[in-house]
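Novice: Encoded as C-alpha cells, here's the structure I'll be asking about.
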Protein chains: 4
Amino acid sequence: MSENDIIQEMLLNEDDDDQLTPKQRKILQAAVEMFAEKGYASTSTSEIAKHAGVAEGTIFRHYKTKKDLLYSIAVPMITKFAAPFFAQHFVRQVFNDQYSGYDELLRRLIHNRFEFAKENIPLLKIVLQEMAFQHEMQVKYKDIFTENVLPRFREVVDHFKEKGQIEDYPTETVIRLTITTIVGFLVTRFIIMPDYPWDDEQEIERTISFIMHGLEKA
Amino acid sequence: MSENDIIQEMLLNEDDDDQLTPKQRKILQAAVEMFAEKGYASTSTSEIAKHAGVAEGTIFRHYKTKKDLLYSIAVPMITKFAAPFFAQHFVRQVFNDQYSGYDELLRRLIHNRFEFAKENIPLLKIVLQEMAFQHEMQVKYKDIFTENVLPRFREVVDHFKEKGQIEDYPTETVIRLTITTIVGFLVTRFIIMPDYPWDDEQEIERTISFIMHGLEKA
Amino acid sequence: MSENDIIQEMLLNEDDDDQLTPKQRKILQAAVEMFAEKGYASTSTSEIAKHAGVAEGTIFRHYKTKKDLLYSIAVPMITKFAAPFFAQHFVRQVFNDQYSGYDELLRRLIHNRFEFAKENIPLLKIVLQEMAFQHEMQVKYKDIFTENVLPRFREVVDHFKEKGQIEDYPTETVIRLTITTIVGFLVTRFIIMPDYPWDDEQEIERTISFIMHGLEKA
Amino acid sequence: MSENDIIQEMLLNEDDDDQLTPKQRKILQAAVEMFAEKGYASTSTSEIAKHAGVAEGTIFRHYKTKKDLLYSIAVPMITKFAAPFFAQHFVRQVFNDQYSGYDELLRRLIHNRFEFAKENIPLLKIVLQEMAFQHEMQVKYKDIFTENVLPRFREVVDHFKEKGQIEDYPTETVIRLTITTIVGFLVTRFIIMPDYPWDDEQEIERTISFIMHGLEKA
DNA sequence: TATGAATGAGGTTTCATTCAT
DNA sequence: GATGAATGAAACCTCATTCAT
C-alpha cells in the first residue's frame with residue numbers, strides 16, 4: 001500500500017475523532033467501487049449495502065444522506081489531489097535551487113500525481129464525473145484551486161518567465177496548457193485507455209518534453 | 001444559425017423519413033437542456049415532459065425508452081464531432097499542398113471544432129458525461145475513432161514525421177498530445193470556465209503554437 | 001344523501017376544475033376512514049392504497065405528499081363547519097324579527113350543526129385530532145374564526161345583551177360558554193359516547209335550556 | 001413545586017420500588033415535552049434520546065417499548081385527574097354540611113382541577129390526543145370513570161336534585177353538562193387559547209354561575 | 001397523434017428495537 | 001446500567017413505462 005492511496009488512508013484512519021467501524025469501512029469501499037462503475041445517480045443505496053454486506057439502514061446511521069456518502073468520499077479526494085501544491089517545498093525548492101528548471105518541477109509533479117492517480121482511479125473517476133453536477137464539490141474545488149493551487153503555480157511560472165525559460169504567454173495560459181496536458185495524460189492513461197500497453201516512463205518523459213518545448217521561449 | 005448547430009439541424013431536419021413533429025422538437029430541446037444541466041440519470045421523463053409542455057406519454061410515443069431519447073441526442077453528436085475527419089479533403093489537402101504544414105491542419109481543425117463546440121455546449125457536456133457509463137455510446141465512439149479518425153490522423157502525422165516537421169515520437173503519442181491539448185482547450189473554454197474573459201483568437205493561436213513547438217523536431 | 005355530507009360533496013364534485021377520477025374518490029374515502037380510525041401519523045400510505053384498491057403510486061399522482069392528502073380532506077371541513085356563520089341570514093334574522101330570542105338562534109345553530117356533525121363524524125374526528133399538530137390547519141381555523149365567526153357572533157350577543165336577555169358577562173365569555181357547551185355536546189354525542197342511547201331531541205332542548213338559563217339576566 | 005405537578009411527582013418518586021435514575025428522569029421529561037408538541041406517533045425514540053441526552057438504547061432499558069413509555073406517562077395522569085372523586089371527603093362533605101350547595105362543590109372542583117391542569121398542560125394534551133387512539137388508555141379511563149367518578153358524581157347530583165336545587169334533568173345529562181362546561185373551560189384556557197389575557201378568578205366564577213343558573217330549578 | 005391516469009418496482013430514508021461491549 | 005452500532009421492516013415518495021380514451 002502506497003502513501004498515496006487515500007481510500008486506504010480513510011479506511012485505516014486512526015484518529016480518535018473519526019474512527020471507522022468495520023461496517024463503515026465496507027460501506028465506503030463498496031460505494032467507491034460502485035459510484036465509479038455506474039455513477040452516483042445510478043447506484044442505489046441498496047446495491048451499496050448488498051455489496052458491503054451490510055443492512056441498508058447501516059449506511060444511514062453513518063451518512064445522513066446518500067449525498068453525504070458521496071461527499072465524504074469525493075471531497076477529501078479533491079483536497080488530496082491538490083495537496084502537493086500546499087506543500088511548502090513545492091515552491092521553495094524552485095527558488096532555492098538556481099539550477100533546477102521548470103522541467104524539474106514538471107517531472108516531480110507528474111510522477112507524483114501519476115502515482116496518486118494510479119492508486120485512486122475509481123475516486124478520480126467519481127470526482128471527474130460528479131464535479132459536473134454537484135454544486136458543493138465545485139465550490140470545494142474552486143476554493144482549493146484559487147486559494148492554494150493557482151497562487152503558487154503563478155509564482156512559479158512567473159519566476160521562470162522572468163528567467164526567460166518560458167515563453168511570454170499570459171501566466172494563466174501557461175498554467176492552463178500545463179495542467180491540461182498533465183490531466184489529459186492521466187485521464188487518457190488511467191480512464192480512457194487503461195488497457196493500452198503503455199510505456200509509462202517514456203510517455204511521462206515525452207509529455208514533459210512536449211510541455212517544455214511547447215512553452216519554451218522561441 | 002450556423003451550419004454546426006446540430007440541435008437545430010436535428011430539429012429542422014426535413015428528410016421525409018424523420019420529420020419531427022413540433023412536440024417532438026420541444027421534447028428534444030427540453031431533454032438536451034436538462035440532461036446537460038442535471039445529468040441523464042438525474043433527469044426524470046416527467047420533468048422533460050413538463051419543460052417541453054407535453055404530456056408524459058408523448059415522450060414514449062416518439063422514443064421507446066428514456067435511453068433511446070438519450071441516444072437519439074448523443075450518438076449523432078459523436079458522429080458530428082468526428083465529422084471533419086471523414087471529409088475527403090481533410091487529408092487530401094495535406095498531401096496536395098506541399099507548402100502547408102501541420103500547423104495549417106491544426107488551425108483548420110481547432111477553428112472548426114471550436115465553432116462546433118461553441119454551438120453545441122450542452123450536447124458536448126452530455127456526451128462527455130454519459131460516455132463514462134453508457135456502453136453503447138462507448139462502442140459508437142470507439143468505432144468511429146478507430147475506423148475513421150485514427151487512420152486518417154495517423155496518415156497525416158506520419159506524413160509530417162517523414163517530412164521532418166514533427167519529432168520522432170510514436171505516432172499514437174503525437175495524436176494523443178494533439179487531441180488532448182485541443183480537447184483540453186475546448187473543455188476549459190466552454191465547460192469549466194465559460195465565463196472567463198477569453199481572447200479566443202489569441203488563445204487559439206497560442207494553443208497551436210504550443211502544440212507545434214511541443215512536437216517539433218529538436 | 002344530505003346536503004351536509006361534505007365527503008359526498010367532495011367526491012361528487014362536478015366542477016370542471018376539480019373533477020375527481022374514480023380512483024381519487026376511493027383514495028379520499030379510504031383516507032378519511034383510516035385517518036379517523038388510527039390517526040394521521042399512524043396511517044401509512046400503503047394502507048390507504050390497499051383500502052382504496054389502488055396502487056400506492058396513484059395516491060402521489062393526485063396528492064404530492066401525504067400531508068397534502070390530509071389537508072385536502074381537513075381544510076374544507078373547517079370551512080364547512082363554520083359555514084352557517086357566513087350566511088347572511090344568520091345574523092339578519094336575529095335583528096329583523098323582534099320576537100325571536102337567543103334561544104331561537106341556538107336552536108337553529110345546534111340543529112344545523114348536529115346534522116352536519118352526524119354526517120361527518122370521521123372528518124370531525126380528524127380535524128379535532130390533527131388541529132393539535134398541523135400548523136397550517138390552525139392557521140386556517142384561526143383565520144375563519146376571527147374573520148367570520150367571531151365578529152358575527154359578537155354582534156348577535158351584543159344585540160341580546162342590549163335587549164337585556166343575556167347576563168352582562170363579557171361578550172367573549174358568553175361566546176365561549178355557548179360554543180363550549182355546543183361543541184361539548186356534539187363531541188360527547190358523536191365521538192366519546194356514540195353508542196349511548198341518546199334521546200337527541202330532548203337532549204338538544206335540554207342543552208339549549210341549560211345555555212339559556214346559564215346566561216339569562218339574573 | 002405544587003402538590004399537583006405529577007411530572008415532578010413521578011420524577012422525584014422515592015419509593016424503593018420505582019426509584020428513577022437521573023437518566024430515566026430525563027427520558028420522561030423529554031418524552032412528555034415531545035409527545036405534547038408533536039404527538040406520540042410523530043415523535044421518534046431517537047429524538048427523545050437526543051433531547052434527554054441519553055443513548056437510544058437506554059430508553060429501552062427502562063421501557064420495553066415506545067408504547068410502554070407513553071403509558072407510563074399517560075396512565076397515571078388519568079388517575080390523578082380523576083383523583084378528587086376518589087377522596088372520601090369529596091362526597092361526604094356534601095352530605096354533612098346541610099348549608100353547602102352544588103356551587104360550593106363546583107367551586108372546589110374547578111379550582112382544584114384548574115391548578116392541576118395549569119401544572120400539567122403537556123400531560124393534559126398528551127392524554128386528550130392519545131385517548132382517541134390508544135385502546136389501553138380508553139379502557140383505563142372508562143374503568144376509572146364508571147367505577148369511581150360516575151357513581152360518586154351521581155350520588156351528589158341526586159342529592160341536590162332531591163333538595164330541589166337542581167333542575168329535574170336526567171342525572172347523566174346534568175353530569176354531562178357540568179363536566180363538559182368545566183373541561184371545555186380548562187381546554188380553552190390552557191390549550192386552545194393559553195395566551196389570551198385571562199382573568200382567571202372572574203372567569204371561574206362566571207363559569208360556576210353559568211352552570212348553576214343553567215341547572216337550577218325553573 | 002396526443003393525453004394523463006395508473007401502475008408497481010424500486011428509490012432513499014426512518015424507526016423501534018436488539019445486543020455486544 | 002449505559003452505550004451506540006446494527007438491523008430490517010416499513011415508511012414516504014419517484015419513476016419509467018403502459019394504455020384506454
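By order in the C-alpha cells, chains are A, B, ...; within a chain, residues start at 1; ligands start at 1, following the order shown.
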Could the residues of chain C that have an atom at most 8 Å from chain D be listed as CSV, each with its closest atom pair and the distance in Å to one decimal, counting only C-alpha atoms and ordered by chain and ascending residue number?
Specialist:
residue,atom,partner,partner_atom,distance
C:Glu37,CA,D:Phe133,CA,7.4
C:Lys38,CA,D:Phe133,CA,6.0
C:Gly39,CA,D:Phe133,CA,7.1
C:Ala41,CA,D:Ala41,CA,5.7
C:Ser42,CA,D:Ala41,CA,6.2
C:Gln129,CA,D:Gln129,CA,6.4
C:Phe133,CA,D:Lys38,CA,6.0
C:Tyr169,CA,D:Arg206,CA,7.7
C:Thr173,CA,D:Glu203,CA,7.7
C:Leu177,CA,D:Thr181,CA,7.3
C:Thr180,CA,D:Gly184,CA,5.4
C:Thr181,CA,D:Thr181,CA,6.1
C:Gly184,CA,D:Thr180,CA,5.5
C:Phe185,CA,D:Thr180,CA,7.4
C:Glu203,CA,D:Thr173,CA,7.7
C:Arg206,CA,D:Tyr169,CA,7.7
C:Thr207,CA,D:Leu177,CA,7.7
C:Ser209,CA,D:Gly214,CA,7.2
C:Phe210,CA,D:Gly214,CA,4.2
C:Ile211,CA,D:Gly214,CA,5.9
C:Met212,CA,D:Gly214,CA,6.9
C:His213,CA,D:Gly214,CA,4.5
C:Gly214,CA,D:Gly214,CA,3.7
C:Leu215,CA,D:Phe210,CA,6.2
Novice: With N, CA, C and O atoms kept, could you save the residues just selected as an mmCIF file, in the first residue's frame?
Specialist:
data_model
loop_
_atom_site.group_PDB
_atom_site.id
_atom_site.type_symbol
_atom_site.label_atom_id
_atom_site.label_comp_id
_atom_site.auth_asym_id
_atom_site.auth_seq_id
_atom_site.Cartn_x
_atom_site.Cartn_y
_atom_site.Cartn_z
ATOM 1 N N GLU C 37 -59.778 6.605 12.070
ATOM 2 C CA GLU C 37 -59.678 5.415 12.911
ATOM 3 C C GLU C 37 -58.344 5.331 13.639
ATOM 4 O O GLU C 37 -58.293 5.016 14.821
ATOM 5 N N LYS C 38 -57.249 5.612 12.928
ATOM 6 C CA LYS C 38 -55.934 5.390 13.528
ATOM 7 C C LYS C 38 -55.128 6.661 13.705
ATOM 8 O O LYS C 38 -54.048 6.635 14.293
ATOM 9 N N GLY C 39 -55.617 7.752 13.198
ATOM 10 C CA GLY C 39 -54.849 8.990 13.269
ATOM 11 C C GLY C 39 -53.981 9.154 12.047
ATOM 12 O O GLY C 39 -53.561 8.164 11.433
ATOM 13 N N ALA C 41 -50.846 10.249 11.631
ATOM 14 C CA ALA C 41 -49.455 9.801 11.681
ATOM 15 C C ALA C 41 -49.339 8.285 11.713
ATOM 16 O O ALA C 41 -48.333 7.735 11.281
ATOM 17 N N SER C 42 -50.350 7.624 12.200
ATOM 18 C CA SER C 42 -50.271 6.163 12.307
ATOM 19 C C SER C 42 -50.895 5.443 11.129
ATOM 20 O O SER C 42 -50.983 4.217 11.123
ATOM 21 N N GLN C 129 -58.434 15.959 16.020
ATOM 22 C CA GLN C 129 -57.140 15.370 16.329
ATOM 23 C C GLN C 129 -55.990 16.175 15.762
ATOM 24 O O GLN C 129 -55.048 16.528 16.463
ATOM 25 N N PHE C 133 -51.649 19.478 15.905
ATOM 26 C CA PHE C 133 -50.269 19.372 15.444
ATOM 27 C C PHE C 133 -50.011 20.021 14.080
ATOM 28 O O PHE C 133 -48.869 20.311 13.774
ATOM 29 N N TYR C 169 -72.137 39.407 31.188
ATOM 30 C CA TYR C 169 -70.761 38.903 31.111
ATOM 31 C C TYR C 169 -70.058 39.550 29.919
ATOM 32 O O TYR C 169 -70.721 40.015 28.993
ATOM 33 N N THR C 173 -66.814 35.898 26.923
ATOM 34 C CA THR C 173 -67.193 34.834 27.863
ATOM 35 C C THR C 173 -68.498 34.171 27.434
ATOM 36 O O THR C 173 -68.620 32.938 27.451
ATOM 37 N N LEU C 177 -68.758 30.233 26.477
ATOM 38 C CA LEU C 177 -69.661 29.309 27.165
ATOM 39 C C LEU C 177 -70.639 28.671 26.189
ATOM 40 O O LEU C 177 -70.923 27.474 26.261
ATOM 41 N N THR C 180 -68.518 26.282 23.758
ATOM 42 C CA THR C 180 -68.050 25.164 24.568
ATOM 43 C C THR C 180 -69.169 24.165 24.840
ATOM 44 O O THR C 180 -68.993 22.944 24.715
ATOM 45 N N THR C 181 -70.325 24.663 25.191
ATOM 46 C CA THR C 181 -71.425 23.762 25.526
ATOM 47 C C THR C 181 -71.922 23.012 24.288
ATOM 48 O O THR C 181 -72.190 21.811 24.339
ATOM 49 N N GLY C 184 -69.080 20.701 23.115
ATOM 50 C CA GLY C 184 -69.001 19.637 24.118
ATOM 51 C C GLY C 184 -70.115 18.621 23.915
ATOM 52 O O GLY C 184 -69.884 17.407 24.019
ATOM 53 N N PHE C 185 -71.291 19.106 23.625
ATOM 54 C CA PHE C 185 -72.414 18.195 23.365
ATOM 55 C C PHE C 185 -72.143 17.325 22.144
ATOM 56 O O PHE C 185 -72.268 16.089 22.183
ATOM 57 N N GLU C 203 -82.340 15.925 24.358
ATOM 58 C CA GLU C 203 -81.013 16.346 24.825
ATOM 59 C C GLU C 203 -80.639 17.695 24.223
ATOM 60 O O GLU C 203 -80.028 18.551 24.887
ATOM 61 N N ARG C 206 -82.611 20.256 26.164
ATOM 62 C CA ARG C 206 -82.029 20.483 27.495
ATOM 63 C C ARG C 206 -80.759 21.315 27.397
ATOM 64 O O ARG C 206 -80.483 22.158 28.252
ATOM 65 N N THR C 207 -79.995 21.039 26.341
ATOM 66 C CA THR C 207 -78.746 21.788 26.176
ATOM 67 C C THR C 207 -79.050 23.266 25.922
ATOM 68 O O THR C 207 -78.422 24.166 26.503
ATOM 69 N N SER C 209 -81.758 24.828 26.805
ATOM 70 C CA SER C 209 -82.305 25.350 28.062
ATOM 71 C C SER C 209 -81.184 25.667 29.055
ATOM 72 O O SER C 209 -81.186 26.699 29.721
ATOM 73 N N PHE C 210 -80.195 24.754 29.109
ATOM 74 C CA PHE C 210 -79.041 24.943 30.005
ATOM 75 C C PHE C 210 -78.296 26.230 29.667
ATOM 76 O O PHE C 210 -77.993 27.054 30.538
ATOM 77 N N ILE C 211 -78.046 26.405 28.382
ATOM 78 C CA ILE C 211 -77.331 27.618 27.979
ATOM 79 C C ILE C 211 -78.168 28.858 28.287
ATOM 80 O O ILE C 211 -77.660 29.842 28.848
ATOM 81 N N MET C 212 -79.439 28.809 27.931
ATOM 82 C CA MET C 212 -80.313 29.987 28.114
ATOM 83 C C MET C 212 -80.394 30.392 29.577
ATOM 84 O O MET C 212 -80.202 31.554 29.930
ATOM 85 N N HIS C 213 -80.655 29.423 30.431
ATOM 86 C CA HIS C 213 -80.714 29.756 31.858
ATOM 87 C C HIS C 213 -79.362 30.173 32.369
ATOM 88 O O HIS C 213 -79.245 31.074 33.199
ATOM 89 N N GLY C 214 -78.343 29.492 31.872
ATOM 90 C CA GLY C 214 -76.998 29.821 32.328
ATOM 91 C C GLY C 214 -76.629 31.258 32.023
ATOM 92 O O GLY C 214 -75.875 31.896 32.760
ATOM 93 N N LEU C 215 -77.155 31.766 30.920
ATOM 94 C CA LEU C 215 -76.762 33.104 30.501
ATOM 95 C C LEU C 215 -77.778 34.192 30.845
ATOM 96 O O LEU C 215 -77.473 35.378 30.737
#
Novice: Distance cut-off 10 Å, counting only C-alpha atoms (C1' of nucleotides) - which residues of chain D neighbour chain F? Return them as a PyMOL selection string.
Specialist: chain D and resi 21+23+54-59+61
Novice: Take the residues from that selection and put them in a file with N, CA, C and O atoms, as a CSV table (one decimal), in the first residue's frame.
Specialist:
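Dumped to selection-v1.csv:
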chain,number,residue,atom,x,y,z
D,21,THR,N,-33.7,6.6,38.0
D,21,THR,CA,-32.3,7.0,37.8
D,21,THR,C,-32.4,8.4,37.1
D,21,THR,O,-33.4,8.8,36.5
D,23,LYS,N,-31.0,9.4,34.4
D,23,LYS,CA,-31.3,9.2,33.0
D,23,LYS,C,-32.8,9.0,32.8
D,23,LYS,O,-33.3,9.5,31.8
D,54,VAL,N,-29.3,11.1,26.2
D,54,VAL,CA,-29.2,9.7,26.6
D,54,VAL,C,-29.0,8.9,25.3
D,54,VAL,O,-29.4,9.3,24.2
D,55,ALA,N,-28.4,7.7,25.4
D,55,ALA,CA,-28.2,6.8,24.2
D,55,ALA,C,-29.6,6.2,23.9
D,55,ALA,O,-30.4,6.0,24.8
D,56,GLU,N,-29.7,5.9,22.6
D,56,GLU,CA,-31.0,5.3,22.2
D,56,GLU,C,-31.4,4.1,23.0
D,56,GLU,O,-32.5,3.9,23.3
D,57,GLY,N,-30.4,3.3,23.2
D,57,GLY,CA,-30.7,2.0,23.9
D,57,GLY,C,-31.2,2.2,25.3
D,57,GLY,O,-31.9,1.3,25.8
D,58,THR,N,-30.8,3.3,25.9
D,58,THR,CA,-31.1,3.5,27.3
D,58,THR,C,-32.6,3.5,27.5
D,58,THR,O,-33.1,3.1,28.6
D,59,ILE,N,-33.3,4.1,26.6
D,59,ILE,CA,-34.8,4.2,26.7
D,59,ILE,C,-35.4,2.8,26.9
D,59,ILE,O,-36.2,2.6,27.7
D,61,ARG,N,-34.0,0.2,27.9
D,61,ARG,CA,-33.6,-0.5,29.2
D,61,ARG,C,-34.7,-0.3,30.2
D,61,ARG,O,-35.0,-1.1,31.1
Novice: Using only C-alpha atoms (C1' of nucleotides), which residues of chain E come within 7 Å of chain B, and what is the closest atom pair for each, with the distance in Å to one decimal? Give it as a Markdown table, sorted by chain and residue number.
Specialist:
| residue | atom | partner | partner_atom | distance |
| --- | --- | --- | --- | --- |
| E:DA2 | C1' | B:Thr58 | CA | 6.2 |
| E:DT3 | C1' | B:Ala55 | CA | 6.0 |
| E:DG4 | C1' | B:Ala55 | CA | 6.6 |
Novice: Could the residues in this selection be saved with C-alpha atoms (C1' of nucleotides) as an mmCIF file, in the first residue's frame?
Specialist:
data_model
loop_
_atom_site.group_PDB
_atom_site.id
_atom_site.type_symbol
_atom_site.label_atom_id
_atom_site.label_comp_id
_atom_site.auth_asym_id
_atom_site.auth_seq_id
_atom_site.Cartn_x
_atom_site.Cartn_y
_atom_site.Cartn_z
ATOM 1 C "C1'" DA E 2 -51.526 13.077 -28.002
ATOM 2 C "C1'" DT E 3 -53.019 12.608 -23.427
ATOM 3 C "C1'" DG E 4 -52.512 11.825 -18.470
#
Novice: Identify, on the basis of only C-alpha atoms (C1' of nucleotides), every residue whose closest approach to B:Arg189 does not exceed 10 Å; exclude the query and any residue fewer than 4 positions from it along the same chain; express the result as a PyMOL selection string.
Specialist: chain B and resi 114+117-118+183-185+193-198+200+203
Novice: Hey, can you spit out that residue selection with all heavy atoms as a tab-separated table (two decimals), in the first residue's frame?
Specialist:
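Writing the result to result_37.tsv gives the following:
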chain	number	residue	atom	x	y	z
B	114	PHE	N	-13.85	24.42	-32.67
B	114	PHE	CA	-14.19	25.50	-31.74
B	114	PHE	C	-15.60	26.01	-32.03
B	114	PHE	O	-16.44	26.14	-31.12
B	114	PHE	CB	-13.18	26.64	-31.88
B	114	PHE	CG	-13.38	27.77	-30.91
B	114	PHE	CD1	-12.74	27.76	-29.68
B	114	PHE	CD2	-14.23	28.83	-31.22
B	114	PHE	CE1	-12.93	28.81	-28.78
B	114	PHE	CE2	-14.44	29.87	-30.32
B	114	PHE	CZ	-13.78	29.86	-29.10
B	117	ALA	N	-18.10	23.33	-31.08
B	117	ALA	CA	-18.30	23.22	-29.63
B	117	ALA	C	-19.15	24.39	-29.12
B	117	ALA	O	-20.10	24.20	-28.34
B	117	ALA	CB	-16.96	23.19	-28.91
B	118	LYS	N	-18.79	25.57	-29.59
B	118	LYS	CA	-19.48	26.79	-29.15
B	118	LYS	C	-20.99	26.67	-29.34
B	118	LYS	O	-21.77	27.15	-28.53
B	118	LYS	CB	-18.95	27.96	-29.99
B	118	LYS	CG	-19.40	29.32	-29.56
B	118	LYS	CD	-18.96	30.34	-30.62
B	118	LYS	CE	-18.66	31.70	-30.02
B	118	LYS	NZ	-17.79	32.48	-30.93
B	183	VAL	N	-8.78	19.15	-27.07
B	183	VAL	CA	-9.98	18.89	-26.27
B	183	VAL	C	-9.87	19.60	-24.92
B	183	VAL	O	-10.84	20.18	-24.42
B	183	VAL	CB	-10.20	17.37	-26.09
B	183	VAL	CG1	-11.30	17.11	-25.08
B	183	VAL	CG2	-10.54	16.73	-27.43
B	184	GLY	N	-8.67	19.56	-24.34
B	184	GLY	CA	-8.47	20.25	-23.07
B	184	GLY	C	-8.80	21.73	-23.19
B	184	GLY	O	-9.41	22.31	-22.31
B	185	PHE	N	-8.39	22.30	-24.32
B	185	PHE	CA	-8.71	23.72	-24.53
B	185	PHE	C	-10.23	23.92	-24.63
B	185	PHE	O	-10.79	24.79	-23.96
B	185	PHE	CB	-8.03	24.22	-25.81
B	185	PHE	CG	-8.50	25.58	-26.24
B	185	PHE	CD1	-8.50	26.65	-25.36
B	185	PHE	CD2	-8.97	25.78	-27.55
B	185	PHE	CE1	-8.95	27.91	-25.75
B	185	PHE	CE2	-9.41	27.04	-27.95
B	185	PHE	CZ	-9.40	28.10	-27.05
B	193	MET	N	-14.60	26.84	-17.60
B	193	MET	CA	-14.54	28.27	-17.34
B	193	MET	C	-15.18	29.10	-18.45
B	193	MET	O	-14.52	29.96	-19.04
B	193	MET	CB	-13.08	28.70	-17.18
B	193	MET	CG	-12.33	27.96	-16.09
B	193	MET	SD	-10.58	28.41	-16.04
B	193	MET	CE	-10.67	30.14	-15.61
B	194	PRO	N	-16.46	28.87	-18.72
B	194	PRO	CA	-17.08	29.59	-19.84
B	194	PRO	C	-17.17	31.10	-19.59
B	194	PRO	O	-17.32	31.88	-20.53
B	194	PRO	CB	-18.48	28.98	-19.91
B	194	PRO	CG	-18.73	28.39	-18.57
B	194	PRO	CD	-17.41	28.00	-18.01
B	195	ASP	N	-17.06	31.51	-18.32
B	195	ASP	CA	-17.25	32.92	-18.00
B	195	ASP	C	-15.95	33.72	-17.94
B	195	ASP	O	-15.97	34.94	-17.74
B	195	ASP	CB	-18.00	33.06	-16.67
B	195	ASP	CG	-19.35	32.39	-16.74
B	195	ASP	OD1	-19.97	32.43	-17.83
B	195	ASP	OD2	-19.79	31.81	-15.73
B	196	TYR	N	-14.85	33.02	-18.06
B	196	TYR	CA	-13.55	33.72	-18.06
B	196	TYR	C	-13.47	34.62	-19.30
B	196	TYR	O	-13.97	34.27	-20.36
B	196	TYR	CB	-12.44	32.67	-18.07
B	196	TYR	CG	-11.05	33.21	-17.97
B	196	TYR	CD1	-10.47	33.49	-16.73
B	196	TYR	CD2	-10.28	33.43	-19.11
B	196	TYR	CE1	-9.17	33.96	-16.64
B	196	TYR	CE2	-8.98	33.91	-19.02
B	196	TYR	CZ	-8.43	34.19	-17.78
B	196	TYR	OH	-7.15	34.65	-17.70
B	197	PRO	N	-12.87	35.79	-19.18
B	197	PRO	CA	-12.83	36.72	-20.33
B	197	PRO	C	-11.79	36.29	-21.36
B	197	PRO	O	-10.70	36.84	-21.41
B	197	PRO	CB	-12.45	38.06	-19.69
B	197	PRO	CG	-11.69	37.69	-18.45
B	197	PRO	CD	-12.22	36.37	-17.99
B	198	TRP	N	-12.17	35.31	-22.16
B	198	TRP	CA	-11.23	34.73	-23.12
B	198	TRP	C	-11.00	35.67	-24.31
B	198	TRP	O	-11.93	36.29	-24.80
B	198	TRP	CB	-11.78	33.41	-23.66
B	198	TRP	CG	-11.94	32.35	-22.63
B	198	TRP	CD1	-13.05	32.10	-21.88
B	198	TRP	CD2	-10.96	31.40	-22.23
B	198	TRP	NE1	-12.83	31.04	-21.03
B	198	TRP	CE2	-11.55	30.58	-21.22
B	198	TRP	CE3	-9.64	31.13	-22.61
B	198	TRP	CZ2	-10.86	29.53	-20.60
B	198	TRP	CZ3	-8.97	30.08	-22.00
B	198	TRP	CH2	-9.57	29.30	-21.00
B	200	ASP	N	-10.38	34.72	-27.63
B	200	ASP	CA	-10.39	33.43	-28.31
B	200	ASP	C	-9.34	33.33	-29.42
B	200	ASP	O	-8.61	32.34	-29.48
B	200	ASP	CB	-11.79	33.15	-28.88
B	200	ASP	CG	-12.79	32.83	-27.78
B	200	ASP	OD1	-12.39	32.23	-26.76
B	200	ASP	OD2	-13.97	33.19	-27.93
B	203	GLU	N	-5.93	32.93	-27.96
B	203	GLU	CA	-5.77	31.68	-27.21
B	203	GLU	C	-5.67	30.49	-28.16
B	203	GLU	O	-4.91	29.56	-27.90
B	203	GLU	CB	-6.95	31.51	-26.23
B	203	GLU	CG	-6.67	30.58	-25.08
B	203	GLU	CD	-5.60	31.11	-24.10
B	203	GLU	OE1	-5.26	32.32	-24.16
B	203	GLU	OE2	-5.09	30.30	-23.29
Novice: Tell me, in Å to one decimal, how far atom CA of C:Asp68 is from atom C1' of E:DC15.
Specialist: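 Spanning atom CA of C:Asp68 to atom C1' of E:DC15 is a straight-line distance of 22.8 Å.
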Novice: Could you write out, as a count of residues only, all the residues of stretch 126-216 of chain C that DSSP marks as alpha helix (DSSP H)?
Specialist: 61
Novice: Record the distance separating atom CA of B:Lys50 and atom CA of A:Glu136, expressed in Å with one decimal.
Specialist: 26.9 Å
Novice: Excluding B:Ile27 and any residue of its chain fewer than 2 positions from it, enumerate the residues within 9 Å of it, using only C-alpha atoms (C1' of nucleotides), and give them as a list in words.
Specialist: Pro22, Lys23, Gln24, Arg25, Gln29, Ala30, Ala31, Val32, Ile48, Ala49, His51, Ala52, Gly53, Val54, Thr58 and Ile59 of chain B
Novice: Kindly give the distance, in Å, that separates atom CA of B:Phe90 and atom CA of B:Asp199, rounded to a single decimal.
Specialist: 26.9 Å
